[in-house]
$ cat run03.txt   # compact mmCIF, C-alpha atoms
# COMPACT_ATOMS: atom_id res chain seq x y z
CA MET K 16 0.00 0.00 0.00
CA SER K 17 1.34 3.44 -0.93
CA ALA K 18 2.38 5.97 1.69
CA ALA K 19 -0.52 8.25 0.78
CA ALA K 20 -3.09 5.45 1.11
CA SER K 21 -1.62 4.38 4.47
CA TYR K 22 -1.76 7.93 5.77
CA VAL K 23 -5.43 8.35 4.81
CA LEU K 24 -6.13 4.96 6.35
CA ARG K 25 -4.65 6.11 9.66
CA LEU K 26 -7.08 9.02 9.71
CA ALA K 27 -9.97 6.80 8.64
CA ASP K 28 -9.32 4.10 11.24
CA LEU K 29 -9.11 6.61 14.08
CA SER K 30 -12.62 7.81 13.25
CA LEU K 31 -13.98 4.36 12.49
CA VAL K 32 -12.74 2.68 15.66
CA LEU K 33 -13.72 5.56 17.94
CA GLY K 34 -17.13 5.77 16.28
CA GLN K 35 -17.69 2.04 16.79
CA ARG K 36 -16.71 2.34 20.47
CA LEU K 37 -19.11 5.23 21.05
CA GLY K 38 -21.85 3.26 19.33
CA GLU K 39 -21.52 0.65 22.08
CA TRP K 40 -23.10 3.20 24.46
CA ILE K 41 -26.38 3.26 22.57
CA GLY K 42 -29.05 1.99 24.91
CA HIS K 43 -26.67 2.13 27.88
CA ALA K 44 -25.91 5.84 28.38
CA PRO K 45 -26.76 7.46 31.73
CA ALA K 46 -29.69 9.38 30.22
CA ILE K 47 -31.61 9.21 26.96
CA GLU K 48 -30.27 12.67 26.08
CA GLU K 49 -26.69 11.32 26.35
CA ASP K 50 -27.67 8.27 24.34
CA LEU K 51 -28.52 10.61 21.45
CA GLY K 52 -25.53 12.86 22.02
CA LEU K 53 -23.06 9.98 21.90
CA ALA K 54 -24.86 8.42 18.93
CA ASN K 55 -24.67 11.70 17.01
CA THR K 56 -20.94 11.92 17.59
CA ALA K 57 -20.54 8.25 16.65
CA LEU K 58 -22.40 8.83 13.40
CA ASP K 59 -20.30 11.89 12.56
CA LEU K 60 -17.18 9.79 13.08
CA ILE K 61 -18.45 6.90 10.98
CA GLY K 62 -19.33 9.44 8.27
CA GLN K 63 -15.78 10.80 8.33
CA ALA K 64 -14.44 7.25 8.22
CA ARG K 65 -16.55 6.45 5.16
CA LEU K 66 -15.21 9.41 3.18
CA LEU K 67 -11.64 8.61 4.18
CA LEU K 68 -11.88 4.86 3.61
CA ALA K 69 -13.38 5.38 0.16
CA TYR K 70 -10.52 7.75 -0.65
CA ALA K 71 -7.87 5.36 0.70
CA GLY K 72 -9.37 2.61 -1.46
CA GLU K 73 -9.19 4.84 -4.53
CA ILE K 74 -5.56 5.77 -3.91
CA GLU K 75 -4.70 2.12 -3.37
CA GLY K 76 -6.29 1.31 -6.72
CA ARG K 77 -7.04 -2.35 -6.04
CA GLY K 78 -10.79 -1.92 -6.15
CA ARG K 79 -11.37 -2.18 -2.40
CA SER K 80 -14.49 -0.31 -1.30
CA GLU K 81 -15.03 1.48 2.01
CA ASP K 82 -16.91 -1.60 3.23
CA ASP K 83 -14.10 -3.96 2.19
CA LEU K 84 -11.65 -1.84 4.13
CA ALA K 85 -13.86 -1.55 7.21
CA PHE K 86 -15.13 -5.10 7.45
CA LEU K 87 -12.58 -7.35 5.79
CA ARG K 88 -9.24 -6.20 7.15
CA GLU K 89 -7.49 -8.02 9.99
CA GLN K 90 -6.46 -6.40 13.25
CA GLY K 91 -2.83 -5.90 12.15
CA GLU K 92 -4.00 -3.94 9.11
CA PHE K 93 -5.86 -1.37 11.18
CA LEU K 94 -3.84 1.82 11.59
CA ASN K 95 -5.70 3.68 14.36
CA PRO K 96 -3.85 4.83 17.46
CA VAL K 97 -4.24 2.42 20.39
CA LEU K 98 -6.07 5.11 22.42
CA ALA K 99 -9.10 4.94 20.11
CA GLU K 100 -9.68 1.22 20.68
CA GLN K 101 -9.60 1.36 24.50
CA PRO K 102 -12.82 0.00 26.01
CA ASN K 103 -15.49 2.48 27.08
CA GLY K 104 -15.09 1.75 30.81
CA ASP K 105 -17.32 4.07 32.83
CA PHE K 106 -18.79 7.25 31.38
CA GLY K 107 -15.84 9.26 32.76
CA GLN K 108 -13.31 7.08 30.92
CA THR K 109 -15.28 7.46 27.71
CA ILE K 110 -15.29 11.24 28.15
CA VAL K 111 -11.54 11.43 28.86
CA ARG K 112 -10.72 9.28 25.81
CA GLN K 113 -13.07 11.46 23.78
CA VAL K 114 -11.65 14.80 24.93
CA LEU K 115 -8.08 13.72 24.18
CA ILE K 116 -9.00 12.55 20.67
CA ASP K 117 -11.47 15.36 19.89
CA ALA K 118 -8.79 17.96 20.65
CA PHE K 119 -6.31 16.03 18.50
CA GLN K 120 -8.70 15.71 15.56
CA LEU K 121 -9.65 19.36 15.89
CA GLU K 122 -6.07 20.60 15.63
CA LEU K 123 -5.31 18.06 12.90
CA TYR K 124 -8.35 18.78 10.71
CA GLU K 125 -7.88 22.54 11.02
CA ARG K 126 -4.45 22.10 9.47
CA LEU K 127 -5.44 19.40 6.99
CA ALA K 128 -8.05 21.80 5.61
CA THR K 129 -5.18 23.55 3.81
CA SER K 130 -3.51 20.30 2.70
CA ALA K 131 -1.84 20.09 -0.70
CA ASP K 132 -4.14 17.11 -1.26
CA ALA K 133 -7.39 18.79 -2.32
CA ARG K 134 -9.62 15.78 -1.57
CA LEU K 135 -8.18 15.45 1.93
CA ALA K 136 -8.53 19.20 2.45
CA ALA K 137 -12.23 19.03 1.52
CA ILE K 138 -12.89 16.11 3.89
CA ALA K 139 -11.05 17.91 6.69
CA ALA K 140 -12.95 21.16 6.10
CA LYS K 141 -16.24 19.30 6.43
CA SER K 142 -15.11 17.26 9.44
CA VAL K 143 -13.67 20.13 11.43
CA LYS K 144 -17.13 21.62 11.97
CA GLU K 145 -18.37 18.34 13.41
CA THR K 146 -15.26 17.95 15.51
CA ARG K 147 -15.63 21.41 17.01
CA TYR K 148 -18.97 20.30 18.40
CA HIS K 149 -17.57 16.95 19.58
CA PHE K 150 -14.98 18.83 21.59
CA ARG K 151 -17.55 21.22 23.01
CA TYR K 152 -19.60 18.23 24.16
CA SER K 153 -16.74 16.22 25.68
CA ALA K 154 -15.06 19.29 27.21
CA GLY K 155 -18.36 20.28 28.82
CA TRP K 156 -18.60 16.88 30.43
CA LEU K 157 -14.98 16.85 31.56
CA MET K 158 -15.53 20.16 33.36
CA ARG K 159 -18.70 18.87 35.02
CA LEU K 160 -17.10 15.61 36.15
CA GLY K 161 -13.72 17.10 37.09
CA ASP K 162 -15.25 19.97 39.01
CA GLY K 163 -18.11 17.78 40.25
CA THR K 164 -18.31 15.39 43.19
CA GLU K 165 -15.37 13.74 44.91
CA GLU K 166 -16.20 10.49 43.15
CA SER K 167 -16.62 11.94 39.65
CA ARG K 168 -13.38 13.85 40.04
CA ALA K 169 -11.45 10.77 41.22
CA ARG K 170 -12.80 8.73 38.33
CA VAL K 171 -11.87 11.15 35.57
CA GLN K 172 -8.47 11.86 37.12
CA SER K 173 -7.70 8.13 37.14
CA ALA K 174 -8.93 7.81 33.55
CA LEU K 175 -6.61 10.65 32.64
CA GLU K 176 -3.65 8.86 34.26
CA LYS K 177 -4.58 5.70 32.40
CA PHE K 178 -4.95 7.25 28.95
CA TRP K 179 -2.28 9.96 29.07
CA PRO K 180 0.61 7.66 28.03
CA LEU K 181 -1.43 6.54 25.02
CA THR K 182 -1.48 10.12 23.69
CA VAL K 183 2.29 9.89 23.01
CA GLU K 184 1.56 7.88 19.89
CA LEU K 185 -0.68 10.59 18.44
CA PHE K 186 2.28 12.92 18.08
CA ALA K 187 5.20 10.52 17.57
CA GLU K 188 6.25 11.36 14.03
CA ASP K 189 7.45 8.37 12.00
CA ASP K 190 8.74 8.10 8.43
CA LEU K 191 5.23 8.11 7.00
CA ASP K 192 4.18 11.23 8.93
CA ARG K 193 7.41 12.93 7.92
CA ALA K 194 6.99 12.10 4.23
CA MET K 195 3.41 13.41 4.27
CA ALA K 196 4.48 16.62 6.02
CA GLU K 197 7.30 17.16 3.55
CA ALA K 198 4.88 16.71 0.65
CA GLY K 199 2.62 19.40 2.16
CA VAL K 200 -0.17 16.85 2.64
CA ALA K 201 -0.08 16.68 6.45
CA PRO K 202 0.90 19.12 9.20
CA ARG K 203 3.99 18.61 11.35
CA LEU K 204 2.96 16.62 14.40
CA ASP K 205 5.07 18.67 16.82
CA GLU K 206 3.09 21.71 15.71
CA VAL K 207 -0.17 19.81 16.25
CA ARG K 208 1.01 18.73 19.69
CA ALA K 209 1.89 22.28 20.73
CA ALA K 210 -1.64 23.44 19.91
CA TRP K 211 -3.19 20.32 21.45
CA ILE K 212 -1.37 20.65 24.76
CA LEU K 213 -2.41 24.30 25.11
CA ARG K 214 -6.02 23.34 24.55
CA ILE K 215 -5.87 20.37 26.94
CA GLU K 216 -4.03 22.26 29.68
CA ALA K 217 -6.57 25.08 29.61
CA LEU K 218 -9.38 22.56 29.85
CA LEU K 219 -7.76 20.57 32.67
CA ALA K 220 -7.31 23.79 34.65
CA GLU K 221 -10.97 24.63 34.22
CA ALA K 222 -11.96 21.08 35.16
CA THR K 223 -9.66 21.31 38.24
CA LEU K 224 -7.80 18.20 37.08
CA THR K 225 -4.07 17.55 37.19
CA ARG K 226 -2.02 16.96 34.07
CA PRO K 227 -0.33 13.56 34.42
CA ALA K 228 3.44 13.26 34.08
CA ASP K 229 4.68 12.45 30.59
CA ARG K 230 5.93 8.91 30.21
CA THR K 231 7.55 7.03 27.39
CA TYR K 232 5.44 4.70 25.36
CA SER K 233 6.27 2.26 22.62
CA TRP K 234 3.09 0.75 21.19
CA PHE K 235 2.09 1.94 17.78
CA GLY K 236 -1.42 1.20 16.60
CA LYS K 237 -0.76 3.43 13.63
CA ARG K 238 1.71 0.81 12.43
CA GLY K 239 -0.67 -2.06 13.18
CA GLN K 240 0.55 -2.96 16.70
CA HIS K 241 -2.61 -3.04 18.78
CA SER K 242 -3.71 -3.77 22.31
CA GLU K 243 -5.74 -6.90 23.02
CA HIS K 244 -8.97 -4.86 22.87
CA LEU K 245 -9.14 -4.20 19.13
CA GLY K 246 -9.59 -7.84 18.12
CA TYR K 247 -12.71 -8.23 20.27
CA MET K 248 -14.14 -5.01 18.93
CA LEU K 249 -13.53 -6.06 15.32
CA ALA K 250 -15.05 -9.48 15.97
CA GLU K 251 -18.30 -7.77 16.83
CA MET K 252 -18.06 -5.05 14.18
CA GLN K 253 -17.14 -7.41 11.36
CA HIS K 254 -19.20 -10.43 12.35
CA LEU K 255 -22.08 -9.82 9.96
CA GLN K 256 -19.92 -9.29 6.87
CA ARG K 257 -17.74 -12.28 7.77
CA ALA K 258 -20.71 -14.59 8.36
CA HIS K 259 -22.73 -13.34 5.39
CA PRO K 260 -20.24 -11.95 2.84
CA GLY K 261 -21.72 -9.14 0.76
CA ALA K 262 -24.86 -8.82 2.88
CA ARG K 263 -26.64 -5.49 2.30
CA TRP K 264 -29.54 -3.62 3.85
CA MET V 25 -35.65 8.26 43.80
CA ASN V 26 -34.46 11.34 45.61
CA GLU V 27 -35.83 14.43 43.82
CA ASN V 28 -32.51 16.26 43.52
CA ARG V 29 -30.87 13.27 41.82
CA HIS V 30 -32.88 14.11 38.69
CA TRP V 31 -31.57 16.65 36.23
CA PRO V 32 -33.90 19.64 36.03
CA LEU V 33 -36.29 20.02 33.15
CA TYR V 34 -35.66 22.63 30.44
CA GLU V 35 -38.07 23.90 27.81
CA VAL V 36 -36.58 24.21 24.33
CA PHE V 37 -37.34 26.90 21.74
CA VAL V 38 -35.95 26.70 18.22
CA ARG V 39 -35.81 29.38 15.53
CA ALA V 40 -36.25 27.57 12.24
CA ARG V 41 -34.89 30.37 10.03
CA GLY V 42 -33.71 33.94 10.35
CA GLY V 43 -36.73 36.24 10.68
CA LEU V 44 -39.00 33.66 12.29
CA ASP V 45 -39.90 33.44 15.98
CA HIS V 46 -38.41 30.89 18.33
CA LYS V 47 -41.05 28.18 18.68
CA HIS V 48 -41.49 25.82 21.60
CA VAL V 49 -40.48 22.36 20.39
CA GLY V 50 -40.37 20.29 23.55
CA SER V 51 -38.45 19.73 26.73
CA LEU V 52 -35.48 17.77 28.00
CA HIS V 53 -33.46 17.06 31.13
CA ALA V 54 -30.01 18.58 31.64
CA ALA V 55 -27.69 19.31 34.55
CA ASP V 56 -27.02 22.90 33.47
CA ALA V 57 -27.83 25.40 30.74
CA ARG V 58 -24.86 24.53 28.54
CA MET V 59 -25.77 20.85 28.64
CA ALA V 60 -29.36 21.81 27.83
CA ILE V 61 -28.19 23.61 24.68
CA ASP V 62 -26.08 20.58 23.70
CA HIS V 63 -28.96 18.19 24.29
CA ALA V 64 -31.38 20.47 22.44
CA ARG V 65 -28.97 20.54 19.50
CA ASP V 66 -28.72 16.76 19.50
CA LEU V 67 -32.43 16.09 20.09
CA TYR V 68 -34.23 18.83 18.20
CA THR V 69 -31.96 20.12 15.41
CA ARG V 70 -30.37 16.95 14.07
CA ARG V 71 -32.33 17.25 10.84
CA GLU V 72 -31.44 20.89 10.29
CA GLU V 73 -34.58 22.17 12.01
CA GLY V 74 -33.03 25.37 13.31
CA VAL V 75 -30.52 28.19 13.33
CA SER V 76 -30.89 29.28 16.96
CA ILE V 77 -31.85 27.61 20.24
CA TRP V 78 -33.21 29.03 23.50
CA VAL V 79 -33.49 26.93 26.63
CA VAL V 80 -35.19 27.96 29.84
CA ARG V 81 -35.67 26.11 33.12
CA SER V 82 -39.26 24.89 33.20
CA THR V 83 -39.56 26.12 36.77
CA ASP V 84 -38.76 29.65 35.57
CA ILE V 85 -41.90 29.75 33.46
CA THR V 86 -44.98 31.22 35.13
CA ALA V 87 -48.12 29.89 33.52
CA SER V 88 -51.68 31.15 33.64
CA ASP V 89 -54.07 29.05 35.69
CA PRO V 90 -56.49 27.05 33.48
CA ARG V 91 -59.17 27.49 36.17
CA GLU V 92 -59.01 31.24 35.57
CA ALA V 93 -59.60 30.89 31.83
CA ASP V 94 -63.15 32.24 32.26
CA SER V 95 -62.05 35.53 33.69
CA LEU V 96 -58.85 35.84 31.68
CA PHE V 97 -60.07 35.09 28.19
CA GLU V 98 -63.86 35.06 27.90
CA PRO V 99 -64.31 38.84 28.35
CA ALA V 100 -62.52 39.32 25.01
CA ARG V 101 -65.09 37.26 23.20
CA ASP V 102 -67.72 40.00 22.65
CA LYS V 103 -65.25 42.80 21.92
CA ILE V 104 -65.22 42.26 18.20
CA TYR V 105 -64.28 45.91 17.63
CA ARG V 106 -60.81 44.96 18.77
CA HIS V 107 -60.34 43.00 15.58
CA PRO V 108 -59.20 45.33 12.81
CA THR V 109 -61.84 44.04 10.41
CA PHE V 110 -63.61 47.35 9.80
CA TYR V 111 -61.03 48.76 7.45
CA ASP V 112 -61.13 48.68 3.68
CA ILE V 113 -57.92 47.17 2.49
CA PRO V 114 -56.49 48.92 -0.58
CA ASP V 115 -56.24 46.68 -3.61
CA GLU V 116 -52.54 47.41 -3.85
CA VAL V 117 -51.95 45.56 -0.58
CA LYS V 118 -51.48 41.96 -1.54
CA THR V 119 -50.80 40.35 1.79
CA LEU V 120 -51.91 41.45 5.21

$ encode --input "run03.txt" --output "structure tokens"
Amino acid sequence: MSAAASYVLRLADLSLVLGQRLGEWIGHAPAIEEDLGLANTALDLIGQARLLLAYAGEIEGRGRSEDDLAFLREQGEFLNPVLAEQPNGDFGQTIVRQVLIDAFQLELYERLATSADARLAAIAAKSVKETRYHFRYSAGWLMRLGDGTEESRARVQSALEKFWPLTVELFAEDDLDRAMAEAGVAPRLDEVRAAWILRIEALLAEATLTRPADRTYSWFGKRGQHSEHLGYMLAEMQHLQRAHPGARW
Amino acid sequence: MNENRHWPLYEVFVRARGGLDHKHVGSLHAADARMAIDHARDLYTRREEGVSIWVVRSTDITASDPREADSLFEPARDKIYRHPTFYDIPDEVKTL
């Protein structure tokens, strides 16, 4: 697979996997209003994934459709960061995972909107509006839970400690990221991180939460090295297409 | 369940387009006003129904008492001169 196709696939898989995770809340959220809120965000993410997967398939040029890429790839071929596949846990963990990724996608899409790749720029320009709302939603909840009761605060702080190391991967530039940045397709990840950390630190201060210490981290979902959680998620997500190949609505 | 464990109720008003009034569209539960706006956006404008949202705590609305309807509204019934129906409308006026 070409570098360009792999890069688009990384973006696609982040949205696809996170969208699938959020979808697991449907019918289980703490209130019916949250059920709809999470479902809306999930659908936005799946919509982004569809545009990106279709584009990745076109660049690849082997005739694979968005559905082929979503439902017929193995775990090791998924290129999402490991953070996105982490289980929902409690509502606080879901919100912390969401805030960290929303802020990342927001800074990323804002910059991708001026990408040298016109198709990617158009997808990013559409997605950034959705993502701005996603961040508003998750940031609102992080403030409520962080600056809430003793229990809600303890829960989101511990979720933050748990997920913080997994954010390293989002900004760890590898050869592929570097090549895309040099071609003017993608932004430099250190620039994205600088904007991301400002945004997150301001939010943590408002939520009265403590920024965890930075730690090293060496798992790379974006190169296909995943935690044990992704396989189970894919088993559920892909079951229908695997059991009934080509099934349609 | 303990009463204060429920989120308060908010009434939602949506302006469908610029120039139109905000119309009451329903109600929802939310912990605070910002959450009420978010929920209203997700519940009531997901099919592009609006360009502006108002939310107000249901308890902040003072309503007229239905039992007083007789004295509040019936006296207007025989005051037909309050309806501006005694004017000739010029032909040039197409819509009024």

$ atom_distance --input "run03.txt" --atom1 "atom CA of Leu181 of chain K" --atom2 "atom CA of Leu98 of chain K"
5.5 Å

$ atom_distance --input "run03.txt" --atom1 "atom CA of Glu92 of chain K" --atom2 "atom CA of Met248 of chain K"
14.2 Å

$ interface_residues --input "run03.txt" --of "chain V" --to "chain K" --cutoff "12 Å" --atoms "only C-alpha atoms" --output "PyMOL selection string"
chain V and resi 30-31+33+51-71

$ atom_distance --input "run03.txt" --atom1 "atom CA of Ala87 of chain V" --atom2 "atom CA of Glu35 of chain V"
13.0 Å

$ closest_residue --input "run03.txt" --among "K:Trp234, K:Trp40, K:Phe106, K:Phe186" --to "Leu123 of chain K" --atoms "all atoms listed in the file"
K:Phe186

$ residues_near_point --input "run03.txt" --point "(-15.2, 6.9, 34.0)" --cutoff "7 Å" --atoms "all atoms listed in the file" --output "list in words"
Gly104, Asp105, Phe106, Gly107, Gln108, Thr109, Arg170, Val171 and Ala174 of chain K

$ residues_around --input "run03.txt" --residues "segment 70-73 of chain K" --least-positions-apart "2" --cutoff "9 Å" --atoms "only C-alpha atoms" --output "ChimeraX atom specification"
/K:19-24,27,65-68,75-81,83-84,134-135

$ residues_around --input "run03.txt" --residues "Ile61 of chain K" --least-positions-apart "5" --cutoff "7 Å" --atoms "all atoms listed in the file" --output "list in words"
Ser30, Leu31 and Gly34 of chain K

$ closest_residue --input "run03.txt" --among "K:Gln113, K:Met195, K:Gln63, K:Ala220" --to "Ala140 of chain K" --atoms "all atoms listed in the file"
K:Gln63

$ closest_residue --input "run03.txt" --among "K:Leu127, K:Ile74, K:Ala187, K:Ala118" --to "Phe235 of chain K" --atoms "all atoms listed in the file"
K:Ala187
